[in-house]
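Heads up, query_20.pdb below (PDB, C-alpha atoms):
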```pdb
ATOM      1  CA  MET X   1      12.420 -18.929 -15.548
ATOM      2  CA  ASP X   2      12.408 -22.275 -13.736
ATOM      3  CA  ALA X   3      10.677 -20.513 -10.825
ATOM      4  CA  VAL X   4       7.960 -19.277 -13.210
ATOM      5  CA  ARG X   5       7.292 -22.824 -14.398
ATOM      6  CA  THR X   6       7.118 -24.099 -10.819
ATOM      7  CA  ILE X   7       4.690 -21.365  -9.776
ATOM      8  CA  LEU X   8       2.516 -21.876 -12.850
ATOM      9  CA  GLU X   9       2.304 -25.603 -12.124
ATOM     10  CA  GLN X  10       1.350 -24.893  -8.492
ATOM     11  CA  LEU X  11      -1.347 -22.449  -9.599
ATOM     12  CA  ILE X  12      -2.778 -24.960 -12.079
ATOM     13  CA  GLN X  13      -2.890 -27.680  -9.414
ATOM     14  CA  ALA X  14      -4.459 -25.339  -6.850
ATOM     15  CA  ARG X  15      -7.211 -24.384  -9.305
ATOM     16  CA  GLY X  16      -7.845 -27.996 -10.341
ATOM     17  CA  GLU X  17      -7.058 -27.152 -13.954
ATOM     18  CA  ASP X  18      -5.282 -29.315 -16.530
ATOM     19  CA  TYR X  19      -2.599 -28.439 -19.047
ATOM     20  CA  ALA X  20      -4.660 -29.222 -22.148
ATOM     21  CA  SER X  21      -7.724 -27.147 -21.287
ATOM     22  CA  LEU X  22      -5.579 -24.196 -20.211
ATOM     23  CA  SER X  23      -3.616 -24.440 -23.472
ATOM     24  CA  ARG X  24      -6.838 -24.352 -25.484
ATOM     25  CA  PHE X  25      -8.054 -21.381 -23.381
ATOM     26  CA  ILE X  26      -5.168 -19.265 -24.667
ATOM     27  CA  GLY X  27      -5.606 -20.553 -28.211
ATOM     28  CA  ARG X  28      -2.687 -22.951 -28.256
ATOM     29  CA  ASN X  29      -2.339 -26.655 -29.034
ATOM     30  CA  PRO X  30      -3.258 -28.959 -26.107
ATOM     31  CA  ALA X  31       0.385 -29.782 -25.279
ATOM     32  CA  TYR X  32       1.579 -26.161 -25.138
ATOM     33  CA  ILE X  33       1.426 -25.561 -21.357
ATOM     34  CA  GLN X  34       2.826 -29.005 -20.526
ATOM     35  CA  GLN X  35       5.762 -28.468 -22.879
ATOM     36  CA  PHE X  36       6.440 -25.048 -21.374
ATOM     37  CA  ILE X  37       6.469 -26.435 -17.810
ATOM     38  CA  ARG X  38       8.119 -29.810 -18.364
ATOM     39  CA  ARG X  39      10.420 -29.224 -21.363
ATOM     40  CA  GLY X  40      11.118 -25.513 -21.162
ATOM     41  CA  SER X  41       9.715 -24.898 -24.638
ATOM     42  CA  PRO X  42       9.046 -22.098 -25.310
ATOM     43  CA  LYS X  43      11.678 -20.474 -23.076
ATOM     44  CA  ARG X  44       9.185 -17.846 -21.958
ATOM     45  CA  LEU X  45       5.484 -17.217 -22.389
ATOM     46  CA  ALA X  46       4.422 -14.865 -25.151
ATOM     47  CA  GLU X  47       3.114 -11.553 -23.850
ATOM     48  CA  HIS X  48      -0.515 -12.159 -24.867
ATOM     49  CA  ASP X  49      -0.445 -15.726 -23.465
ATOM     50  CA  ARG X  50       1.021 -14.480 -20.192
ATOM     51  CA  ALA X  51      -1.593 -11.739 -19.895
ATOM     52  CA  ARG X  52      -4.537 -14.130 -20.428
ATOM     53  CA  LEU X  53      -3.152 -16.736 -18.019
ATOM     54  CA  ALA X  54      -2.407 -14.162 -15.329
ATOM     55  CA  GLN X  55      -5.907 -12.702 -15.567
ATOM     56  CA  TYR X  56      -7.540 -16.153 -15.499
ATOM     57  CA  LEU X  57      -5.422 -17.411 -12.580
ATOM     58  CA  GLY X  58      -5.798 -14.178 -10.614
ATOM     59  CA  VAL X  59      -2.116 -13.252 -10.328
ATOM     60  CA  GLY X  60       0.104 -10.460 -11.548
ATOM     61  CA  GLU X  61       1.899 -10.891 -14.885
ATOM     62  CA  ASP X  62       5.234 -10.595 -13.072
ATOM     63  CA  VAL X  63       4.469 -13.934 -11.378
ATOM     64  CA  LEU X  64       4.526 -15.553 -14.829
ATOM     65  CA  GLY X  65       7.706 -13.853 -15.986
ATOM     66  CA  GLY X  66       6.395 -10.431 -16.956
ATOM     67  CA  PRO X  67       7.811  -7.066 -15.873
ATOM     68  CA  PRO X  68       7.325  -6.057 -12.240
ATOM     69  CA  PRO X  69       4.187  -4.002 -11.584
ATOM     70  CA  ARG X  70       4.585  -0.295 -11.309
ATOM     71  CA  THR X  71       4.338   0.858  -7.730
ATOM     72  CA  PRO X  72       1.805   3.585  -6.936
ATOM     73  CA  GLN X  73       3.106   6.955  -8.030
ATOM     74  CA  THR X  74       1.329   8.778  -5.241
ATOM     75  CA  SER X  75       3.763   9.256  -2.361
ATOM     76  CA  GLY X  76       0.937   8.718   0.103
ATOM     77  CA  PHE X  77       0.657   5.019  -0.792
ATOM     78  CA  CYS X  78       2.890   2.057  -0.098
ATOM     79  CA  ALA X  79       2.812  -1.088  -2.282
ATOM     80  CA  VAL X  80       2.866  -4.123   0.033
ATOM     81  CA  PRO X  81       3.768  -7.466  -1.595
ATOM     82  CA  GLN X  82       1.639 -10.569  -1.120
ATOM     83  CA  LEU X  83       3.983 -13.564  -0.947
ATOM     84  CA  SER X  84       3.249 -17.130  -2.015
ATOM     85  CA  VAL X  85       3.929 -18.566   1.445
ATOM     86  CA  GLU X  86       1.729 -19.661   4.309
ATOM     87  CA  ALA X  87       2.396 -19.437   8.052
ATOM     88  CA  SER X  88       0.974 -22.444   9.823
ATOM     89  CA  ALA X  89      -1.328 -22.007  12.803
ATOM     90  CA  GLY X  90      -1.260 -25.775  13.124
ATOM     91  CA  PRO X  91       1.322 -28.547  12.918
ATOM     92  CA  GLY X  92       3.602 -26.709  10.482
ATOM     93  CA  ALA X  93       3.544 -25.757   6.810
ATOM     94  CA  LEU X  94       6.409 -25.918   4.366
ATOM     95  CA  PRO X  95       6.939 -22.657   2.485
ATOM     96  CA  SER X  96       6.203 -23.015  -1.220
ATOM     97  CA  GLY X  97       8.591 -20.204  -2.112
ATOM     98  CA  GLU X  98       8.644 -16.463  -1.694
ATOM     99  CA  ALA X  99       7.477 -15.289  -5.099
ATOM    100  CA  VAL X 100       5.384 -12.129  -5.112
ATOM    101  CA  LEU X 101       1.819 -12.938  -6.135
ATOM    102  CA  ALA X 102       0.570  -9.347  -6.177
ATOM    103  CA  HIS X 103       1.015  -5.892  -4.653
ATOM    104  CA  PHE X 104      -1.636  -4.097  -2.615
ATOM    105  CA  GLY X 105      -1.610  -0.345  -2.129
ATOM    106  CA  PHE X 106      -2.141   0.882   1.441
ATOM    107  CA  ASP X 107      -2.245   4.422   2.738
ATOM    108  CA  ARG X 108       1.237   5.050   4.137
ATOM    109  CA  ARG X 109      -0.107   7.097   7.042
ATOM    110  CA  TRP X 110      -2.350   4.206   8.092
ATOM    111  CA  LEU X 111       0.525   1.730   7.795
ATOM    112  CA  ARG X 112       2.623   3.920  10.075
ATOM    113  CA  THR X 113       0.016   3.448  12.816
ATOM    114  CA  LEU X 114       0.853  -0.271  12.603
ATOM    115  CA  SER X 115       4.564  -0.227  11.858
ATOM    116  CA  GLY X 116       7.546   2.071  11.965
ATOM    117  CA  THR X 117       8.916   0.309   8.872
ATOM    118  CA  PRO X 118       6.049   0.106   6.322
ATOM    119  CA  ASP X 119       8.489  -0.728   3.525
ATOM    120  CA  LYS X 120       9.312  -3.992   5.322
ATOM    121  CA  LEU X 121       5.735  -5.264   5.464
ATOM    122  CA  SER X 122       4.482  -8.261   3.512
ATOM    123  CA  ILE X 123       1.208 -10.166   3.291
ATOM    124  CA  ILE X 124       1.035 -13.933   3.811
ATOM    125  CA  SER X 125      -1.795 -16.371   4.504
ATOM    126  CA  VAL X 126      -2.566 -18.335   7.661
ATOM    127  CA  ARG X 127      -2.987 -22.079   7.563
ATOM    128  CA  GLY X 128      -4.453 -24.202  10.377
ATOM    129  CA  ASP X 129      -6.466 -23.554  13.539
ATOM    130  CA  SER X 130      -4.000 -23.350  16.432
ATOM    131  CA  MET X 131      -4.401 -19.552  16.689
ATOM    132  CA  GLN X 132      -8.189 -19.540  16.707
ATOM    133  CA  PRO X 133     -10.163 -17.492  17.535
ATOM    134  CA  THR X 134      -7.572 -14.752  16.912
ATOM    135  CA  LEU X 135      -6.487 -16.077  13.499
ATOM    136  CA  ALA X 136      -8.281 -18.588  11.297
ATOM    137  CA  GLU X 137      -7.491 -20.672   8.239
ATOM    138  CA  GLY X 138      -7.218 -18.423   5.177
ATOM    139  CA  ASP X 139      -6.722 -15.145   7.044
ATOM    140  CA  ASP X 140      -4.267 -12.716   5.462
ATOM    141  CA  ILE X 141      -1.751 -11.206   7.863
ATOM    142  CA  LEU X 142       0.564  -8.218   7.598
ATOM    143  CA  VAL X 143       4.011  -9.237   8.819
ATOM    144  CA  ASP X 144       6.552  -6.582   9.793
ATOM    145  CA  THR X 145       9.996  -8.066   9.121
ATOM    146  CA  GLY X 146      11.550  -4.879  10.467
ATOM    147  CA  ASP X 147      10.122  -5.723  13.884
ATOM    148  CA  ALA X 148      11.724  -9.058  14.692
ATOM    149  CA  ALA X 149      14.142 -10.627  17.187
ATOM    150  CA  ASP X 150      16.003  -7.440  18.119
ATOM    151  CA  ARG X 151      12.735  -5.871  19.378
ATOM    152  CA  LEU X 152      11.068  -9.046  20.650
ATOM    153  CA  ARG X 153       8.202  -8.414  23.085
ATOM    154  CA  ASP X 154       4.797  -9.887  23.860
ATOM    155  CA  GLY X 155       2.750 -10.348  20.698
ATOM    156  CA  ILE X 156       2.018 -12.575  17.693
ATOM    157  CA  TYR X 157       4.962 -13.430  15.458
ATOM    158  CA  VAL X 158       5.826 -15.515  12.424
ATOM    159  CA  LEU X 159       8.662 -17.928  13.224
ATOM    160  CA  ARG X 160      10.793 -20.205  11.093
ATOM    161  CA  VAL X 161      11.346 -23.688  12.504
ATOM    162  CA  GLU X 162      13.641 -25.634  10.177
ATOM    163  CA  ASP X 163      11.773 -25.420   6.814
ATOM    164  CA  ALA X 164       8.372 -24.567   8.287
ATOM    165  CA  LEU X 165       6.756 -21.229   9.096
ATOM    166  CA  LEU X 166       4.645 -20.944  12.248
ATOM    167  CA  VAL X 167       2.494 -18.124  13.588
ATOM    168  CA  LYS X 168       2.435 -18.111  17.397
ATOM    169  CA  ARG X 169       1.988 -15.858  20.403
ATOM    170  CA  LEU X 170       5.253 -15.035  22.180
ATOM    171  CA  ALA X 171       5.671 -13.737  25.727
ATOM    172  CA  ARG X 172       8.930 -12.688  27.370
ATOM    173  CA  ASN X 173       9.606 -13.319  31.060
ATOM    174  CA  PRO X 174      10.745  -9.891  32.345
ATOM    175  CA  ALA X 175      12.935 -11.468  35.033
ATOM    176  CA  THR X 176      14.799 -14.075  32.983
ATOM    177  CA  GLY X 177      14.346 -12.904  29.409
ATOM    178  CA  ARG X 178      13.206 -16.415  28.472
ATOM    179  CA  ILE X 179      10.399 -16.809  25.910
ATOM    180  CA  SER X 180       7.182 -18.815  25.947
ATOM    181  CA  ILE X 181       5.620 -19.863  22.640
ATOM    182  CA  ARG X 182       1.876 -20.440  22.779
ATOM    183  CA  SER X 183      -1.172 -21.045  20.620
ATOM    184  CA  ASP X 184      -4.433 -19.189  21.272
ATOM    185  CA  ASN X 185      -6.266 -22.478  20.762
ATOM    186  CA  PRO X 186      -5.902 -24.346  24.110
ATOM    187  CA  ALA X 187      -5.997 -27.706  22.318
ATOM    188  CA  TYR X 188      -2.401 -27.139  21.166
ATOM    189  CA  PRO X 189       0.728 -27.502  23.344
ATOM    190  CA  ALA X 190       2.922 -24.630  24.476
ATOM    191  CA  TRP X 191       6.694 -24.342  24.682
ATOM    192  CA  ASP X 192       7.827 -22.521  27.798
ATOM    193  CA  ASP X 193      11.216 -21.238  28.924
ATOM    194  CA  CYS X 194      12.841 -21.001  25.483
ATOM    195  CA  ALA X 195      16.037 -19.037  24.913
ATOM    196  CA  ALA X 196      15.487 -16.024  22.673
ATOM    197  CA  THR X 197      18.591 -16.965  20.679
ATOM    198  CA  ASP X 198      17.002 -20.315  19.787
ATOM    199  CA  ILE X 199      13.977 -18.691  18.118
ATOM    200  CA  HIS X 200      14.203 -17.597  14.475
ATOM    201  CA  VAL X 201      11.753 -14.709  14.290
ATOM    202  CA  ILE X 202      10.672 -13.623  10.809
ATOM    203  CA  GLY X 203       8.524 -10.686  11.916
ATOM    204  CA  ARG X 204       5.682  -9.405  14.038
ATOM    205  CA  VAL X 205       2.053  -9.748  12.930
ATOM    206  CA  VAL X 206       0.587  -6.247  12.996
ATOM    207  CA  TRP X 207      -2.775  -6.708  11.241
ATOM    208  CA  ALA X 208      -5.078  -9.463   9.990
ATOM    209  CA  GLY X 209      -7.811  -9.517   7.354
ATOM    210  CA  ARG X 210     -10.562 -12.100   7.026
ATOM    211  CA  ARG X 211     -12.978 -12.927   4.239
ATOM    212  CA  MET X 212     -16.589 -12.788   5.424
ATOM    213  CA  SER X 213     -18.749 -15.792   4.522
TER     214      SER X 213
END
```
Any chance you could put this one into structure tokens?
Amino acid sequence: MDAVRTILEQLIQARGEDYASLSRFIGRNPAYIQQFIRRGSPKRLAEHDRARLAQYLGVGEDVLGGPPPRTPQTSGFCAVPQLSVEASAGPGALPSGEAVLAHFGFDRRWLRTLSGTPDKLSIISVRGDSMQPTLAEGDDILVDTGDAADRLRDGIYVLRVEDALLVKRLARNPATGRISIRSDNPAYPAWDDCAATDIHVIGRVVWAGRRMS
């Protein structure tokens, strides 16, 4: 439940909301949300409070401590989780956790054109501009964690460097097996001649989606 309180606080801050107004929105006293987050009282959100908050904040009820969403019953669809992390296409972003914000249903046949392991796909957001024009700030990317270090080849990958996630283009030298790590934006530096064993690969980026302005 501590994770629920942390996520709720992050969502409130991201939306520029305040505890009192959100408490009044669900018909509670002004201190209700603050007491839930800071004092752990109540221990869990009431079902109707959770439902209203989830709808208002644009997240699934499971993010706020509710039951997990039912996956699509049709065998032709695969529910892909959207995680509350960002992969930096810039100087480096600290993951805010790996809670599931929502699930999106994709046609399994279409996913198999992108990945041999559709059940190991997840959606995360891009932060920064080092991969422009290929990837931009706010893009959503499908990451295949089943296609990682053991199958490393030329392409765009999400990497973990200490506590930060990075999205970069990797290229393997066929003669030496050494790896170069590059940004598509030429304003950013590259790291050449890296040992594959020194790179912590999370997964390969197989698709990107972008909101049109």
Item checked: Shell around Leu83 in chain X at 12 Å using only C-alpha atoms, local window under 3 positions removed, as a PyMOL selection string -> chain X and resi 7+59-60+63+80+86-87+95-104+121-126+140-143
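Residues matched by the PyMOL selection byres ((chain X and resi 2) around 10) in this file are X:Met1, X:Ala3, X:Val4, X:Arg5, X:Thr6, X:Ile7, X:Leu8, X:Ile37, X:Arg38, X:Gly40, X:Lys43, X:Arg44, X:Gly65.
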Notebook entry, point to check: Which one of X:Arg160, X:Arg28, X:Arg210, X:Arg153 sits closest to Ser180 in chain X if you count all atoms listed in the file?
Noted result: X:Arg153
Next item on the list: Starting from the shown file, work through the PyMOL selection byres ((chain X and resi 166) around 6) and note down what comes out as a ChimeraX atom specification.
Entry: /X:87-88,158-159,165,167
Next item on the list: I need the residue set behind the PyMOL selection byres ((chain X and resi 120) around 8) for this file; please write it as a PyMOL selection string.
Entry: chain X and resi 117-119+121-122+144-146
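Nearest to Ile202 in chain X of all the residues X:Leu152, X:Ala171, X:Leu57, X:Ile181 is X:Leu152, based on only C-alpha atoms.
When only C-alpha atoms are used to measure the gap to Arg52 in chain X, the shortest distance among X:Asp139, X:Ala79, X:Arg24, X:Arg39 belongs to X:Arg24.
Taking CA of Leu11 in chain X and CA of Ser130 in chain X as endpoints, the distance between them is 26.2 Å.
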Next item on the list: Go through X:Gly128, X:Gly138, X:Pro81, X:Pro30 one by one, measure the shortest atom-to-atom distance of each to Ser183 in chain X using all atoms listed in the file, and give the residue with the smallest value.
Entry: X:Gly128
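Using all atoms listed in the file, the nearest neighbour of Glu61 in chain X within the list X:Leu22, X:Cys78, X:Ala46, X:Ile33 is X:Ala46.
With only C-alpha atoms as the atoms that count, the minimum distance from Ala14 in chain X to the choices X:His200, X:Ala149, X:Gly58, X:Asp107 is reached by X:Gly58.
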Margin query: I'd like the interatomic distance between CA of Asp163 in chain X and CA of Asp184 in chain X, to a tenth of an Å.
Written below: 22.6 Å
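Between CA of Trp207 in chain X and CA of Val85 in chain X the interatomic distance comes to 16.8 Å.
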